[in-house]
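As provided, structure.pdb (PDB, C-alpha atoms) reads as follows.
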ATOM      1  CA  MET A   1      -8.725  -1.293  10.345
ATOM      2  CA  SER A   2     -10.491  -1.044   6.998
ATOM      3  CA  GLU A   3     -13.891  -2.477   6.139
ATOM      4  CA  ARG A   4     -13.019  -2.192   2.456
ATOM      5  CA  SER A   5     -12.606  -5.218   0.194
ATOM      6  CA  PRO A   6      -8.990  -6.118  -0.544
ATOM      7  CA  ALA A   7      -7.306  -4.543  -3.541
ATOM      8  CA  PRO A   8      -7.727  -6.474  -6.800
ATOM      9  CA  GLY A   9      -5.209  -8.950  -8.201
ATOM     10  CA  GLY A  10      -1.614  -8.729  -7.100
ATOM     11  CA  LEU A  11      -2.300  -5.416  -5.377
ATOM     12  CA  GLU A  12      -3.689  -7.454  -2.488
ATOM     13  CA  LEU A  13      -0.096  -8.479  -1.670
ATOM     14  CA  VAL A  14       1.059  -4.857  -1.874
ATOM     15  CA  GLU A  15      -1.834  -3.708   0.322
ATOM     16  CA  ALA A  16      -0.980  -6.362   2.902
ATOM     17  CA  LEU A  17       2.670  -5.269   2.913
ATOM     18  CA  VAL A  18       1.912  -1.562   3.314
ATOM     19  CA  ASN A  19      -0.519  -2.343   6.111
ATOM     20  CA  THR A  20       2.048  -4.298   8.152
ATOM     21  CA  LEU A  21       2.804  -1.043   9.953
ATOM     22  CA  LEU A  22       0.016  -1.388  12.476
ATOM     23  CA  ASP A  23       0.386   1.951  14.226
ATOM     24  CA  ILE A  24       2.335   4.916  12.848
ATOM     25  CA  GLU A  25       2.547   6.644  16.216
ATOM     26  CA  THR A  26       3.914   3.703  18.224
ATOM     27  CA  GLY A  27       5.767   1.995  15.379
ATOM     28  CA  ALA A  28       3.996  -1.330  16.031
ATOM     29  CA  ASP A  29       4.997  -3.471  13.079
ATOM     30  CA  SER A  30       3.807  -6.981  12.290
ATOM     31  CA  LEU A  31       7.089  -7.604  10.424
ATOM     32  CA  ASP A  32       8.711  -7.794  13.869
ATOM     33  CA  THR A  33       7.128 -11.205  14.422
ATOM     34  CA  PRO A  34       7.590 -14.531  12.633
ATOM     35  CA  ALA A  35       3.816 -14.700  12.078
ATOM     36  CA  GLY A  36       3.854 -11.234  10.501
ATOM     37  CA  ARG A  37       6.726 -12.152   8.156
ATOM     38  CA  ALA A  38       5.294 -15.534   7.131
ATOM     39  CA  PRO A  39       2.741 -14.299   4.554
ATOM     40  CA  PHE A  40       5.564 -12.604   2.654
ATOM     41  CA  GLY A  41       8.080 -15.427   3.012
ATOM     42  CA  LEU A  42      10.532 -13.107   4.757
ATOM     43  CA  THR A  43      13.396 -13.990   7.025
ATOM     44  CA  GLU A  44      14.383 -11.671   9.828
ATOM     45  CA  ASP A  45      17.393 -10.541   7.747
ATOM     46  CA  GLU A  46      15.093  -9.442   4.903
ATOM     47  CA  VAL A  47      12.952  -7.174   7.098
ATOM     48  CA  PRO A  48      14.965  -3.939   6.625
ATOM     49  CA  ALA A  49      14.644  -4.183   2.824
ATOM     50  CA  ALA A  50      10.940  -5.040   3.165
ATOM     51  CA  ARG A  51      10.413  -1.959   5.352
ATOM     52  CA  GLU A  52      12.213   0.244   2.832
ATOM     53  CA  LEU A  53       9.994  -1.153   0.063
ATOM     54  CA  ARG A  54       6.876  -0.724   2.223
ATOM     55  CA  GLU A  55       7.601   2.936   2.943
ATOM     56  CA  SER A  56       8.410   3.682  -0.707
ATOM     57  CA  LEU A  57       5.083   2.116  -1.626
ATOM     58  CA  ARG A  58       3.316   4.207   1.033
ATOM     59  CA  ALA A  59       4.854   7.413  -0.383
ATOM     60  CA  THR A  60       3.689   6.428  -3.878
ATOM     61  CA  LEU A  61       0.168   5.658  -2.643
ATOM     62  CA  LEU A  62       0.033   9.008  -0.850
ATOM     63  CA  ALA A  63       0.998  10.640  -4.169
ATOM     64  CA  HIS A  64      -1.898   8.785  -5.849
ATOM     65  CA  ALA A  65      -4.171  10.464  -3.304
ATOM     66  CA  GLY A  66      -2.606  13.887  -3.950
ATOM     67  CA  HIS A  67      -0.531  14.074  -0.761
ATOM     68  CA  PRO A  68       3.173  14.619  -0.202
ATOM     69  CA  PRO A  69       5.361  11.759   1.065
ATOM     70  CA  HIS A  70       5.098  11.018   4.771
ATOM     71  CA  ARG A  71       8.898  11.149   5.024
ATOM     72  CA  ALA A  72      11.970  10.924   2.801
ATOM     73  CA  VAL A  73      12.163   7.499   1.155
ATOM     74  CA  THR A  74      14.011   5.774  -1.654
ATOM     75  CA  PRO A  75      11.839   6.300  -4.750
ATOM     76  CA  LEU A  76       9.813   3.215  -5.599
ATOM     77  CA  GLY A  77      11.079   3.234  -9.182
ATOM     78  CA  GLU A  78      14.655   2.892  -7.941
ATOM     79  CA  LEU A  79      13.792  -0.089  -5.756
ATOM     80  CA  LEU A  80      11.846  -1.857  -8.484
ATOM     81  CA  ALA A  81      14.364  -1.098 -11.262
ATOM     82  CA  ALA A  82      16.651  -3.742  -9.808
ATOM     83  CA  VAL A  83      13.992  -6.414 -10.329
ATOM     84  CA  PRO A  84      13.902  -7.609 -13.933
ATOM     85  CA  LEU A  85      10.587  -8.933 -15.202
ATOM     86  CA  VAL A  86       9.991 -11.118 -18.224
ATOM     87  CA  VAL A  87       6.922 -11.829 -20.302
ATOM     88  CA  THR A  88       5.909 -15.461 -20.127
ATOM     89  CA  VAL A  89       3.615 -17.038 -22.695
ATOM     90  CA  ASP A  90       1.708 -20.230 -21.983
ATOM     91  CA  PRO A  91       2.183 -22.573 -24.955
ATOM     92  CA  ALA A  92      -1.166 -24.264 -24.318
ATOM     93  CA  ASP A  93      -3.422 -21.231 -24.602
ATOM     94  CA  GLY A  94      -1.098 -18.368 -25.602
ATOM     95  CA  SER A  95      -1.907 -16.322 -22.513
ATOM     96  CA  ALA A  96       0.819 -13.900 -21.488
ATOM     97  CA  ALA A  97       1.871 -12.712 -18.048
ATOM     98  CA  LEU A  98       4.677 -10.862 -16.344
ATOM     99  CA  ALA A  99       6.946 -12.830 -14.036
ATOM    100  CA  PRO A 100      10.166 -12.191 -12.147
ATOM    101  CA  ALA A 101      13.162 -13.045 -14.331
ATOM    102  CA  ARG A 102      15.190 -14.716 -11.593
ATOM    103  CA  ASP A 103      13.618 -14.985  -8.184
ATOM    104  CA  GLY A 104      10.405 -14.861  -6.263
ATOM    105  CA  SER A 105      11.620 -12.218  -3.809
ATOM    106  CA  LEU A 106       9.150  -9.821  -2.240
ATOM    107  CA  ALA A 107      10.450  -6.980  -4.436
ATOM    108  CA  ALA A 108       9.955  -9.142  -7.535
ATOM    109  CA  ARG A 109       6.402 -10.029  -6.524
ATOM    110  CA  VAL A 110       5.646  -6.363  -5.830
ATOM    111  CA  ALA A 111       7.135  -5.293  -9.184
ATOM    112  CA  THR A 112       4.967  -7.884 -10.936
ATOM    113  CA  ALA A 113       1.849  -6.665  -9.096
ATOM    114  CA  VAL A 114       2.584  -3.022  -9.936
ATOM    115  CA  ALA A 115       3.182  -3.811 -13.614
ATOM    116  CA  GLU A 116      -0.011  -5.865 -13.850
ATOM    117  CA  ALA A 117      -2.010  -3.116 -12.094
ATOM    118  CA  LEU A 118      -0.586  -0.553 -14.485
ATOM    119  CA  VAL A 119      -1.687  -2.635 -17.478
ATOM    120  CA  ALA A 120      -5.113  -3.263 -15.904
ATOM    121  CA  GLY A 121      -5.590   0.453 -15.161
ATOM    122  CA  THR A 122      -5.962  -0.115 -11.420
ATOM    123  CA  TRP A 123      -2.620   1.277 -10.201
ATOM    124  CA  THR A 124      -3.687   4.915  -9.691
ATOM    125  CA  ARG A 125      -6.782   3.882  -7.730
ATOM    126  CA  PHE A 126      -4.536   2.274  -5.152
ATOM    127  CA  LYS A 127      -3.999   4.919  -2.446
ATOM    128  CA  ALA A 128      -2.958   5.611   1.118
ATOM    129  CA  CYS A 129      -5.371   7.026   3.686
ATOM    130  CA  GLU A 130      -4.925  10.759   4.130
ATOM    131  CA  ALA A 131      -5.233  10.577   7.930
ATOM    132  CA  ALA A 132      -1.772  11.479   9.272
ATOM    133  CA  ASP A 133      -2.029   8.854  12.016
ATOM    134  CA  CYS A 134      -3.067   6.099   9.595
ATOM    135  CA  HIS A 135      -1.721   6.076   5.994
ATOM    136  CA  TRP A 136      -3.043   2.537   5.435
ATOM    137  CA  ALA A 137      -3.275   1.336   1.854
ATOM    138  CA  TYR A 138      -6.682   0.868   0.256
ATOM    139  CA  TYR A 139      -8.151   0.428  -3.198
ATOM    140  CA  ASP A 140     -10.438   3.328  -4.103
ATOM    141  CA  ARG A 141     -13.633   1.908  -5.586
ATOM    142  CA  SER A 142     -15.557   5.190  -5.424
ATOM    143  CA  PRO A 143     -17.203   6.113  -8.755
ATOM    144  CA  ALA A 144     -15.149   9.296  -9.197
ATOM    145  CA  GLY A 145     -11.939   7.852  -7.749
ATOM    146  CA  ARG A 146     -11.818  10.518  -5.054
ATOM    147  CA  GLY A 147     -11.783   8.369  -1.909
ATOM    148  CA  ARG A 148      -9.738   9.885   0.910
ATOM    149  CA  TRP A 149      -9.766   7.431   3.796
ATOM    150  CA  CYS A 150      -9.180   3.732   4.291
ATOM    151  CA  SER A 151     -12.325   3.659   6.409
ATOM    152  CA  MET A 152     -15.221   6.087   6.327
ATOM    153  CA  GLN A 153     -16.366   4.750   9.719
ATOM    154  CA  VAL A 154     -12.985   5.396  11.400
ATOM    155  CA  CYS A 155     -10.631   7.806   9.637
ATOM    156  CA  GLY A 156     -13.345   9.608   7.667
ATOM    157  CA  ALA A 157     -15.558  10.028  10.723
ATOM    158  CA  ARG A 158     -12.638  11.404  12.759
ATOM    159  CA  ALA A 159     -11.766  13.934  10.043
ATOM    160  CA  LYS A 160     -15.366  15.080   9.750
ATOM    161  CA  MET A 161     -15.664  15.397  13.534
ATOM    162  CA  ARG A 162     -12.460  17.492  13.676
ATOM    163  CA  ARG A 163     -13.835  19.790  10.955
ATOM    164  CA  TYR A 164     -17.153  20.091  12.778
ATOM    165  CA  ARG A 165     -15.445  20.931  16.085
ATOM    166  CA  ALA A 166     -13.226  23.490  14.385
ATOM    167  CA  LYS A 167     -16.357  25.282  13.119
ATOM    168  CA  GLU A 168     -17.828  25.258  16.624
ATOM    169  CA  ALA A 169     -14.734  26.869  18.160
TER     170      ALA A 169
END
Starting from the file, give its structure as C-alpha cells.
Amino acid sequence: MSERSPAPGGLELVEALVNTLLDIETGADSLDTPAGRAPFGLTEDEVPAARELRESLRATLLAHAGHPPHRAVTPLGELLAAVPLVVTVDPADGSAALAPARDGSLAARVATAVAEALVAGTWTRFKACEAADCHWAYYDRSPAGRGRWCSMQVCGARAKMRRYRAKEA
C-alpha cells in the first residue's frame, strides 16, 4: 500500500510483520499462507504468537503517532521481556551488537530490532497510519517527525477528502 521506503535497519522486519494484516476490515492476513509465513520462518503453529506480537507492535506504533491502541493487546514490553538479548563483541574489530541469547525466534529478532532502533534513535519515528481502516506501519521521515499516514496518495488523500466534504455539508 505504501510508496514509502522501508524502515531502516532491523525495523524493516518489524514493518513487514505489522503489515502482514492486509485488510483490517476483512481480516485478510498473509500469515494464513505458507508464502506469507516464509519470510519470517514461521510454522503454522507459530502464527498465533506472531499475530499477538504483530498487534502489540501495532498498538505501540499507534502510540508513537499519538493514537490510542486499536484494541486491547498484550503490552509489547511483556512479550519482549521473555526474550533475553546479549551483547556480542567481534574479536576482529571490536564492534558490538545485540543478539538473541538463545534462539532466532521471531520475537527475538523483533526484540533485537527494537533495541537497535532505540539505540539509533529511530524507534519513535516508527509509526502506524492513523487511518482507522489501515494502521499499516511506516517509518516517518518527515523533517518534523509529524507524519500521519502510511501513504499521502492513499490514506492522506482520503482523510483530506473527508475533511473537505465535511466542510461542504
Run through the PyMOL selection byres ((chain A and resi 39) around 12) on the given coordinates and return the selected residues as a ChimeraX atom specification.
/A:12-14,16-17,20,30-31,33-38,40-43,106
Contact residues around segment 132-146 of chain A with all atoms listed in the file at 8 Å, ignoring same-chain residues under 5 positions, as an MDAnalysis selection string:
chainID A and resid 2 4:8 15 18:19 23:25 58 61:62 65 125:127 155
Nearest to Leu98 of chain A, chosen from A:Pro84, A:Gly147, A:Pro68, A:Gly121, with all atoms listed in the file counted in the distances:
A:Pro84
If I take atom CA of Val119 of chain A and atom CA of Ala96 of chain A, how far is one from the other in Å, to one decimal?
12.2 Å
How would you write as a list in words the residues that get within 12 Å of (14.0, 4.3, -5.9) in the file's frame, counting only C-alpha atoms?
Glu52, Leu53, Arg54, Glu55, Ser56, Leu57, Ala59, Thr60, Ala72, Val73, Thr74, Pro75, Leu76, Gly77, Glu78, Leu79, Leu80, Ala81, Ala82, Val83 and Ala107 of chain A
Which distance in Å separates atom CA of Ala113 of chain A and atom CA of Ala97 of chain A, to one decimal?
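Taking atom CA of Ala113 of chain A and atom CA of Ala97 of chain A, their separation equals 10.8 Å.
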The distance between atom CA of Trp123 of chain A and atom CA of Ser95 of chain A is 21.5 Å
Taking all listed atoms of segment 135-147 of chain A, build the axis-aligned box, pad each of the six sides by 6 Å, then write its centre and edge lengths in Å to one decimal as lines of an AutoDock Vina configuration file.
center_x = -9.5
center_y = 5.5
center_z = -1.6
size_x = 27.5
size_y = 22.1
size_z = 27.2
Write out as a list in words the residues lying within 9 Å of Arg109 of chain A, counting all atoms listed in the file and excluding same-chain residues fewer than 4 positions away.
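Contacts, with the query itself left out: Gly10, Leu13, Val14, Ala99, Pro100, Asp103, Gly104, Ser105, Ala113 and Val114 of chain A.
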Output segment 21-59 of chain A from the block with C-alpha atoms, as a JSON list (two decimals), in the first residue's frame?
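Generated file (selection08.json):
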[["chain", "number", "residue", "atom", "x", "y", "z"],
["A", 21, "LEU", "CA", -2.50, -7.85, 8.08],
["A", 22, "LEU", "CA", -3.53, -6.90, 4.57],
["A", 23, "ASP", "CA", -7.01, -5.59, 5.31],
["A", 24, "ILE", "CA", -8.28, -4.65, 8.77],
["A", 25, "GLU", "CA", -11.93, -4.77, 7.72],
["A", 26, "THR", "CA", -11.89, -8.23, 6.12],
["A", 27, "GLY", "CA", -9.13, -9.73, 8.26],
["A", 28, "ALA", "CA", -7.13, -10.79, 5.18],
["A", 29, "ASP", "CA", -3.82, -11.92, 6.62],
["A", 30, "SER", "CA", -0.76, -13.06, 4.69],
["A", 31, "LEU", "CA", 0.27, -15.18, 7.70],
["A", 32, "ASP", "CA", -2.55, -17.54, 6.69],
["A", 33, "THR", "CA", -0.47, -18.76, 3.75],
["A", 34, "PRO", "CA", 2.84, -20.63, 3.60],
["A", 35, "ALA", "CA", 4.23, -17.90, 1.32],
["A", 36, "GLY", "CA", 3.23, -15.23, 3.84],
["A", 37, "ARG", "CA", 4.89, -17.09, 6.73],
["A", 38, "ALA", "CA", 8.10, -17.91, 4.84],
["A", 39, "PRO", "CA", 9.83, -14.51, 5.20],
["A", 40, "PHE", "CA", 9.54, -14.82, 8.97],
["A", 41, "GLY", "CA", 10.47, -18.50, 9.17],
["A", 42, "LEU", "CA", 7.15, -19.31, 10.84],
["A", 43, "THR", "CA", 5.36, -22.61, 11.04],
["A", 44, "GLU", "CA", 1.59, -22.72, 11.11],
["A", 45, "ASP", "CA", 1.75, -23.47, 14.86],
["A", 46, "GLU", "CA", 3.71, -20.25, 15.48],
["A", 47, "VAL", "CA", 1.14, -17.99, 13.79],
["A", 48, "PRO", "CA", -0.99, -17.21, 16.88],
["A", 49, "ALA", "CA", 2.07, -15.93, 18.78],
["A", 50, "ALA", "CA", 3.20, -13.97, 15.71],
["A", 51, "ARG", "CA", -0.24, -12.34, 15.47],
["A", 52, "GLU", "CA", -0.15, -11.41, 19.15],
["A", 53, "LEU", "CA", 3.29, -9.86, 18.66],
["A", 54, "ARG", "CA", 2.13, -8.07, 15.49],
["A", 55, "GLU", "CA", -0.87, -6.49, 17.22],
["A", 56, "SER", "CA", 1.20, -5.43, 20.24],
["A", 57, "LEU", "CA", 3.63, -3.79, 17.83],
["A", 58, "ARG", "CA", 0.74, -2.06, 16.04],
["A", 59, "ALA", "CA", -0.56, -0.66, 19.35]]
